[in-house]
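Notes for the one structure printed next.
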Amino acid sequence: MTKTYTNTGSKDTRSGFGAGLTELGKSNENVVALCADLTGSLKMDDFKANHPERFFQVGIAEANMIGMAAGLTIGGKIPFTGTFANFSTGRVYDQIRQSVAYSGKNVKICASHAGITLGEDGATHQILEDIGLMKMLPGMVVINPCDYNQTKAATIAIAEYEGPVYLRFGRPKVANFTPEDQKFEIGKALHLQSGTDVTIVATGHLVWEALEAAKTLNEKGISAEVINIHTIKPLDDKAILDSVTKTGCIVTAEEHNYLGGLGESVARILAQHKPTPQEFIATNDTFGESGTPAQLMDKYGLNAEAIVKASEKVIKRK
Amino acid sequence: MASTQQLNDLTTQVRRDILRMVHKVNSGHPGGSLGCAEFFVALYNEIMERKEGFDMDGKNEDLFFLSNGHISPVYYSVLARAGYFPVDELNTFRLIDSRLQGHPTTHEGLPGIRIASGSLGQGMSVAIGAAEAKKLNKDNHLIYSLHGDGELQEGQNWEAIMYAAANKVDNLIATVDLNGQQIDGSTDQVLNLGSVRAKFEAFGWTVVEIENGNNIEAILEGMTKAKTLTGQEKPVCVLLKTVMGNGVDFMMHTHAWHGKAPNDEQLEIGLNQNPETLGDY
């Protein structure tokens, strides 16, 4: 029996971030926000309007934004930086590395428009390497929530966590299906669907696709287990190992390059503890291009259909 | 308040510390460290309002950020001699398991350090963030920072310089060590900085020049003046003209000792030029 998940109305995950930040503005006076000329895109307008003294418009100057965020922690502030994922990571990698990660600063790097679903702006803005960049930094927590509700909950949760966090979310409207009141626990995978034939581990926008894939697989008589990995680092090793012990094979699904992404983190755990056949739903060491999000997900094989095919393939490899 | 003689004696001892630290591990950056010895001594002993002990948040005290982290020897020596950690610990500089890493870091929990630096050009932004935190906390204390002149070639500085003026970060005194030298030669040869004063002023900063940045009295006068210029809706820049390698004659006026340690014989000459005052570690 597959569990049924209902889309309560598609929304963008970036709006979940904005809503979470609005709540934090009210509940935690130490929360401050910095933005590099993308306040509307990051949905930070409410926070800015309600707490102008705690909002720092830095202009198109991301390196300065990251450094300032590190400095703001000295004095007890909890800075949330906001810009696109590309400009939140690759553009400022050394600033994050030295001033935030190595310095152990309590900065929350909040990155919208991640992945290929940024759409028409094309490859200059579609980063598919950010999870890898961030997870390699010692001490950095990497979170990629799946829908509006989960992004909102994650935004609120990371303010309570002491240390650097990378929070990744996106632009397109996607199914909103996780419970509105679900508490977000960093590093704790969510078991969405029980199954016995194949484990599907998905993160971000691919979680809904994984649930859709499980439905199709069920119709074909294949029992798929679906796990929502919202935290890529620290990874919930136990949830993954317990599941493959039952199913004997796994598909990982993410809107990211297969090099450096969730799939590689899962492969490492499996290689160390329980070698298991694995297939990767991810981009294949490539840049993106212009197009609608749906066209791009289809062209680059990041949807339910691709997950179904990968599941059928990996089952044969058992 | 310490007398000029006391501050000069401390400076001489700091020079000895610098030379002995880099000599012992045959690595480190003596040139810039020696050039800024008087500045650090003046800053930590006369200029800054500091609390006893150390906590990361540093509320209700002045804070300092070193952006050009390679001059860690002078920083460590002055911090130790200001009481942040035992002076004997200078013995561990750059050694395995030490809190005194090659470049300053918070990672090993060394008291006195609030940010890692070494990869250049990042300290101005951090200082501005800390200054904004002070304002939010309604803490009237000041933020001080130090930057190399060559370091201004890093673009992030100019993002930060533009921000600080546009947002009236007037509780910040950023000092630039104008020694005119960098690794590959003089700043004029490597990448001419033009007029640093004109650049800061064009960005909307108030600029104070200290012509003799290796003279304690001149530093005290200039920094005291800089303090009076805070709180006037403009960030303050101090241009500190120093001589790299100051106090050790063969190290002066050259970039050669930027990142090179003296050998045994050179150490002895350097130490002889700076007789022990407060006692070696």
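FYI, nothing fancy with the structure tokens labels: chains A, B, ... in order, residues from 1 per chain, ligands from 1 as they appear.
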Counting only C-alpha atoms, which residues of chain B sit at most 9 Å from some atom of chain A, and what is each one's closest atom pair with its distance in Å to one decimal, listed by chain and rising residue number, as JSON lines?
{"residue": "B:Met56", "atom": "CA", "partner": "A:Ile74", "partner_atom": "CA", "distance": 6.4}
{"residue": "B:Asp57", "atom": "CA", "partner": "A:Gly75", "partner_atom": "CA", "distance": 4.3}
{"residue": "B:Gly58", "atom": "CA", "partner": "A:Gly75", "partner_atom": "CA", "distance": 6.4}
{"residue": "B:Lys59", "atom": "CA", "partner": "A:Gly75", "partner_atom": "CA", "distance": 6.2}
{"residue": "B:Thr105", "atom": "CA", "partner": "A:Ser103", "partner_atom": "CA", "distance": 6.6}
{"residue": "B:Thr106", "atom": "CA", "partner": "A:Ser103", "partner_atom": "CA", "distance": 5.5}
{"residue": "B:His107", "atom": "CA", "partner": "A:Ser103", "partner_atom": "CA", "distance": 6.0}
{"residue": "B:Arg114", "atom": "CA", "partner": "A:Ile74", "partner_atom": "CA", "distance": 7.6}
{"residue": "B:Ile115", "atom": "CA", "partner": "A:Ser103", "partner_atom": "CA", "distance": 5.6}
{"residue": "B:Ala116", "atom": "CA", "partner": "A:Ser103", "partner_atom": "CA", "distance": 5.4}
{"residue": "B:Ser117", "atom": "CA", "partner": "A:Gln98", "partner_atom": "CA", "distance": 7.0}
{"residue": "B:Gly118", "atom": "CA", "partner": "A:Gln98", "partner_atom": "CA", "distance": 8.3}
{"residue": "B:Ser119", "atom": "CA", "partner": "A:Gln98", "partner_atom": "CA", "distance": 7.3}
{"residue": "B:Gln122", "atom": "CA", "partner": "A:Gly67", "partner_atom": "CA", "distance": 6.3}
{"residue": "B:Gly123", "atom": "CA", "partner": "A:Gly67", "partner_atom": "CA", "distance": 7.4}
{"residue": "B:Met124", "atom": "CA", "partner": "A:Gly67", "partner_atom": "CA", "distance": 7.9}
{"residue": "B:Ser125", "atom": "CA", "partner": "A:Gly67", "partner_atom": "CA", "distance": 4.7}
{"residue": "B:Val126", "atom": "CA", "partner": "A:Gly71", "partner_atom": "CA", "distance": 4.1}
{"residue": "B:Ala127", "atom": "CA", "partner": "A:Gly71", "partner_atom": "CA", "distance": 6.0}
{"residue": "B:Ile128", "atom": "CA", "partner": "A:Met68", "partner_atom": "CA", "distance": 6.0}
{"residue": "B:Gly129", "atom": "CA", "partner": "A:Met68", "partner_atom": "CA", "distance": 3.9}
{"residue": "B:Ala130", "atom": "CA", "partner": "A:Gly71", "partner_atom": "CA", "distance": 4.3}
{"residue": "B:Ala131", "atom": "CA", "partner": "A:Leu72", "partner_atom": "CA", "distance": 7.7}
{"residue": "B:Glu132", "atom": "CA", "partner": "A:Leu72", "partner_atom": "CA", "distance": 6.7}
{"residue": "B:Ala133", "atom": "CA", "partner": "A:Leu72", "partner_atom": "CA", "distance": 5.1}
{"residue": "B:Lys134", "atom": "CA", "partner": "A:Gly75", "partner_atom": "CA", "distance": 6.7}
{"residue": "B:Leu136", "atom": "CA", "partner": "A:Glu53", "partner_atom": "CA", "distance": 7.7}
{"residue": "B:Asn137", "atom": "CA", "partner": "A:Gly75", "partner_atom": "CA", "distance": 7.5}
{"residue": "B:Gln156", "atom": "CA", "partner": "A:Ala63", "partner_atom": "CA", "distance": 6.0}
{"residue": "B:Asn157", "atom": "CA", "partner": "A:Asn64", "partner_atom": "CA", "distance": 7.8}
{"residue": "B:Trp158", "atom": "CA", "partner": "A:Asn64", "partner_atom": "CA", "distance": 8.9}
{"residue": "B:Glu159", "atom": "CA", "partner": "A:Ala61", "partner_atom": "CA", "distance": 5.9}
{"residue": "B:Ala160", "atom": "CA", "partner": "A:Asn64", "partner_atom": "CA", "distance": 5.6}
{"residue": "B:Tyr163", "atom": "CA", "partner": "A:Val58", "partner_atom": "CA", "distance": 6.6}
For those residues, write C-alpha atoms to a file as a PDB file, in the first residue's frame.
ATOM      1  CA  MET B  56      34.073  36.253  21.542  1.00  0.00           C
ATOM      2  CA  ASP B  57      31.190  38.743  21.536  1.00  0.00           C
ATOM      3  CA  GLY B  58      33.338  41.523  22.969  1.00  0.00           C
ATOM      4  CA  LYS B  59      30.420  43.635  24.105  1.00  0.00           C
ATOM      5  CA  THR B 105      42.560  31.774  13.658  1.00  0.00           C
ATOM      6  CA  THR B 106      39.714  31.238  16.085  1.00  0.00           C
ATOM      7  CA  HIS B 107      39.880  27.515  15.369  1.00  0.00           C
ATOM      8  CA  ARG B 114      37.956  36.853  16.749  1.00  0.00           C
ATOM      9  CA  ILE B 115      38.319  35.899  13.078  1.00  0.00           C
ATOM     10  CA  ALA B 116      40.669  33.896  10.912  1.00  0.00           C
ATOM     11  CA  SER B 117      42.706  35.970   8.478  1.00  0.00           C
ATOM     12  CA  GLY B 118      45.442  35.256   5.995  1.00  0.00           C
ATOM     13  CA  SER B 119      43.588  34.993   2.748  1.00  0.00           C
ATOM     14  CA  GLN B 122      38.403  39.959   4.005  1.00  0.00           C
ATOM     15  CA  GLY B 123      38.990  41.860   7.243  1.00  0.00           C
ATOM     16  CA  MET B 124      37.343  45.139   6.301  1.00  0.00           C
ATOM     17  CA  SER B 125      34.001  43.418   5.709  1.00  0.00           C
ATOM     18  CA  VAL B 126      34.273  41.546   9.003  1.00  0.00           C
ATOM     19  CA  ALA B 127      35.117  44.774  10.837  1.00  0.00           C
ATOM     20  CA  ILE B 128      32.101  46.496   9.282  1.00  0.00           C
ATOM     21  CA  GLY B 129      29.848  43.616  10.349  1.00  0.00           C
ATOM     22  CA  ALA B 130      31.176  43.857  13.898  1.00  0.00           C
ATOM     23  CA  ALA B 131      30.656  47.638  13.804  1.00  0.00           C
ATOM     24  CA  GLU B 132      27.037  47.154  12.711  1.00  0.00           C
ATOM     25  CA  ALA B 133      26.564  44.645  15.547  1.00  0.00           C
ATOM     26  CA  LYS B 134      27.864  47.266  18.005  1.00  0.00           C
ATOM     27  CA  LEU B 136      22.471  47.240  17.019  1.00  0.00           C
ATOM     28  CA  ASN B 137      23.615  46.473  20.555  1.00  0.00           C
ATOM     29  CA  GLN B 156      36.500  42.927  -1.694  1.00  0.00           C
ATOM     30  CA  ASN B 157      38.051  45.882   0.137  1.00  0.00           C
ATOM     31  CA  TRP B 158      36.405  48.293  -2.248  1.00  0.00           C
ATOM     32  CA  GLU B 159      33.009  46.653  -1.817  1.00  0.00           C
ATOM     33  CA  ALA B 160      33.469  47.129   1.911  1.00  0.00           C
ATOM     34  CA  TYR B 163      29.409  50.029   1.948  1.00  0.00           C
TER      35      TYR B 163
END
Residues near range 196-206 of chain B, anyone? I mean within 6 Å using only C-alpha atoms, not counting same-chain ones fewer than 6 positions away, as a list of chain:residue names.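 These residues fall inside the cut-off: B:Met162, B:Ala165, B:Lys234, B:Pro235, B:Val236.
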To test your reading of the structure, identify every residue in range 14-163 of chain B that backbone DSSP assigns to helix (DSSP H, G or I), and report it as a ChimeraX atom specification. /B:14-25,30-35,37-47,69-81,87-92,123-136,150-153,156-163
With C-alpha atoms retained, export the selected residues as a tab-separated table (two decimals), in the first residue's frame.
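Written out: result13.tsv:
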chain	number	residue	atom	x	y	z
B	14	VAL	CA	58.04	42.83	20.88
B	15	ARG	CA	60.70	43.12	18.15
B	16	ARG	CA	62.80	40.55	19.97
B	17	ASP	CA	59.77	38.26	20.23
B	18	ILE	CA	59.09	38.59	16.50
B	19	LEU	CA	62.68	37.79	15.53
B	20	ARG	CA	62.94	34.84	17.91
B	21	MET	CA	59.56	33.39	16.89
B	22	VAL	CA	60.26	33.34	13.16
B	23	HIS	CA	63.88	32.27	13.65
B	24	LYS	CA	62.92	29.25	15.72
B	25	VAL	CA	60.65	27.77	13.04
B	30	PRO	CA	59.04	39.44	10.17
B	31	GLY	CA	59.06	42.46	7.81
B	32	GLY	CA	55.48	43.67	8.16
B	33	SER	CA	55.41	42.56	11.80
B	34	LEU	CA	58.38	44.78	12.69
B	35	GLY	CA	56.91	47.68	10.73
B	37	ALA	CA	55.22	46.90	16.22
B	38	GLU	CA	54.73	50.47	17.48
B	39	PHE	CA	51.16	50.56	16.15
B	40	PHE	CA	50.16	47.34	17.94
B	41	VAL	CA	51.81	48.43	21.17
B	42	ALA	CA	50.05	51.79	21.08
B	43	LEU	CA	46.71	50.28	20.09
B	44	TYR	CA	46.54	47.58	22.76
B	45	ASN	CA	48.12	49.57	25.56
B	46	GLU	CA	46.79	53.09	25.08
B	47	ILE	CA	44.20	53.47	22.37
B	69	GLY	CA	46.98	37.99	8.98
B	70	HIS	CA	50.49	37.13	7.90
B	71	ILE	CA	51.87	39.63	10.40
B	72	SER	CA	50.77	37.24	13.13
B	73	PRO	CA	54.11	37.42	15.00
B	74	VAL	CA	53.54	41.01	16.12
B	75	TYR	CA	49.89	40.29	16.88
B	76	TYR	CA	50.72	37.26	19.03
B	77	SER	CA	53.52	39.02	20.87
B	78	VAL	CA	51.39	42.05	21.73
B	79	LEU	CA	48.38	39.93	22.70
B	80	ALA	CA	50.51	37.76	24.98
B	81	ARG	CA	52.17	40.75	26.57
B	87	VAL	CA	53.94	34.83	27.03
B	88	ASP	CA	55.70	31.44	27.07
B	89	GLU	CA	53.23	30.22	24.51
B	90	LEU	CA	55.04	32.34	21.90
B	91	ASN	CA	57.47	29.41	21.94
B	92	THR	CA	54.90	27.32	20.09
B	123	GLY	CA	38.99	41.86	7.24
B	124	MET	CA	37.34	45.14	6.30
B	125	SER	CA	34.00	43.42	5.71
B	126	VAL	CA	34.27	41.55	9.00
B	127	ALA	CA	35.12	44.77	10.84
B	128	ILE	CA	32.10	46.50	9.28
B	129	GLY	CA	29.85	43.62	10.35
B	130	ALA	CA	31.18	43.86	13.90
B	131	ALA	CA	30.66	47.64	13.80
B	132	GLU	CA	27.04	47.15	12.71
B	133	ALA	CA	26.56	44.65	15.55
B	134	LYS	CA	27.86	47.27	18.00
B	135	LYS	CA	25.31	49.75	16.70
B	136	LEU	CA	22.47	47.24	17.02
B	150	GLY	CA	49.23	45.70	-1.04
B	151	GLU	CA	46.12	44.06	0.34
B	152	LEU	CA	44.03	46.89	-1.08
B	153	GLN	CA	44.57	45.24	-4.45
B	156	GLN	CA	36.50	42.93	-1.69
B	157	ASN	CA	38.05	45.88	0.14
B	158	TRP	CA	36.41	48.29	-2.25
B	159	GLU	CA	33.01	46.65	-1.82
B	160	ALA	CA	33.47	47.13	1.91
B	161	ILE	CA	34.83	50.68	1.63
B	162	MET	CA	31.83	51.65	-0.51
B	163	TYR	CA	29.41	50.03	1.95
Between CA of Glu23 in chain A and CA of Val92 in chain A, measure the distance and give it in Å to one decimal. 27.7 Å
Write out as a short mmCIF file (atom, residue, chain, number, x, y, z; two decimals) with N, CA, C and O atoms, in the first residue's frame each polymer residue whose atoms come within 8 Å of Asn86 in chain A, counting only C-alpha atoms; drop sequence neighbours fewer than 2 positions from it.
data_model
loop_
_atom_site.label_atom_id
_atom_site.label_comp_id
_atom_site.auth_asym_id
_atom_site.auth_seq_id
_atom_site.Cartn_x
_atom_site.Cartn_y
_atom_site.Cartn_z
N PHE A 84 21.21 34.53 -4.89
CA PHE A 84 21.06 33.29 -5.64
C PHE A 84 22.15 32.29 -5.22
O PHE A 84 23.23 32.68 -4.77
N SER A 88 25.94 32.74 -3.87
CA SER A 88 26.06 32.41 -2.45
C SER A 88 27.20 31.44 -2.18
O SER A 88 27.54 31.18 -1.03
N THR A 89 27.73 30.84 -3.24
CA THR A 89 28.70 29.75 -3.02
C THR A 89 29.97 29.96 -3.82
O THR A 89 30.96 30.45 -3.31
N GLY A 90 29.90 29.64 -5.12
CA GLY A 90 31.10 29.70 -5.95
C GLY A 90 31.73 31.08 -5.96
O GLY A 90 32.95 31.22 -5.86
N ARG A 91 30.91 32.10 -6.03
CA ARG A 91 31.44 33.46 -6.11
C ARG A 91 32.16 33.87 -4.83
O ARG A 91 33.06 34.71 -4.87
N ALA A 111 20.25 30.39 0.04
CA ALA A 111 20.51 30.46 -1.39
C ALA A 111 19.29 30.05 -2.18
O ALA A 111 18.84 28.91 -2.12
N ALA A 114 18.45 27.81 -6.81
CA ALA A 114 19.44 26.74 -6.97
C ALA A 114 19.02 25.81 -8.09
O ALA A 114 17.84 25.64 -8.36
N HIS A 125 23.43 31.27 -14.31
CA HIS A 125 22.76 31.40 -13.02
C HIS A 125 22.33 30.06 -12.42
O HIS A 125 21.85 30.01 -11.31
N GLN A 126 22.45 28.98 -13.19
CA GLN A 126 21.95 27.68 -12.71
C GLN A 126 23.08 26.88 -12.08
O GLN A 126 23.71 26.06 -12.75
N ILE A 127 23.31 27.06 -10.80
CA ILE A 127 24.43 26.32 -10.24
C ILE A 127 24.00 24.88 -9.91
O ILE A 127 22.95 24.64 -9.32
N ASP A 130 26.77 23.53 -6.17
CA ASP A 130 26.82 24.18 -4.85
C ASP A 130 26.78 23.21 -3.67
O ASP A 130 27.43 23.45 -2.65
#
For a test of reading the model, state the distance in Å between CA of Gly16 in chain A and CA of Glu120 in chain A, rounded to one decimal.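 Distance between the two atoms: 22.0 Å.
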As a list in words, please: the residues near range 171-175 of chain A (cut-off 9 Å, only C-alpha atoms, same-chain neighbours under 3 positions excluded).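 The neighbour list is Thr6, Asn7, Thr8, Gly9, Ser10, Lys11, Asp12, Thr13, Arg14, Ser15, Ser41, Leu42, Ser112, His113, Ala114, Thr117, Leu118, Gly119, Cys146, Asp147, Tyr148, His205, Trp208 and Pro293 of chain A.
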Can you list, as a PDB file with C-alpha atoms, in the first residue's frame, every protein, DNA or RNA residue that comes within 9 Å of Thr39 in chain A when you count only C-alpha atoms, leaving out same-chain residues fewer than 6 positions away?
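Written output follows (result_1.pdb):
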ATOM      1  CA  ASP A  45      10.613  42.118   1.736  1.00  0.00           C
ATOM      2  CA  LYS A  48      12.971  44.318   5.601  1.00  0.00           C
ATOM      3  CA  GLN A  57      21.208  45.957   1.867  1.00  0.00           C
ATOM      4  CA  GLY A  82      20.329  36.056   0.836  1.00  0.00           C
ATOM      5  CA  THR A  83      21.218  35.840  -2.831  1.00  0.00           C
TER       6      THR A  83
END
Å distance separating CA of Thr283 in chain A from CA of His191 in chain A, one decimal place: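 Here the two named atoms are 24.6 Å from each other.
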Identify which of the residues A:Gly204, A:Gly221, A:Gly25, A:Pro234 lies closest to Thr252 in chain A, counting only C-alpha atoms when measuring atom-to-atom distances. A:Gly204
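For the residues A:Ile307, A:Cys249, A:Leu24, A:Ile232, ranking by smallest atom-to-atom distance to Pro275 in chain A using only C-alpha atoms places A:Cys249 first.
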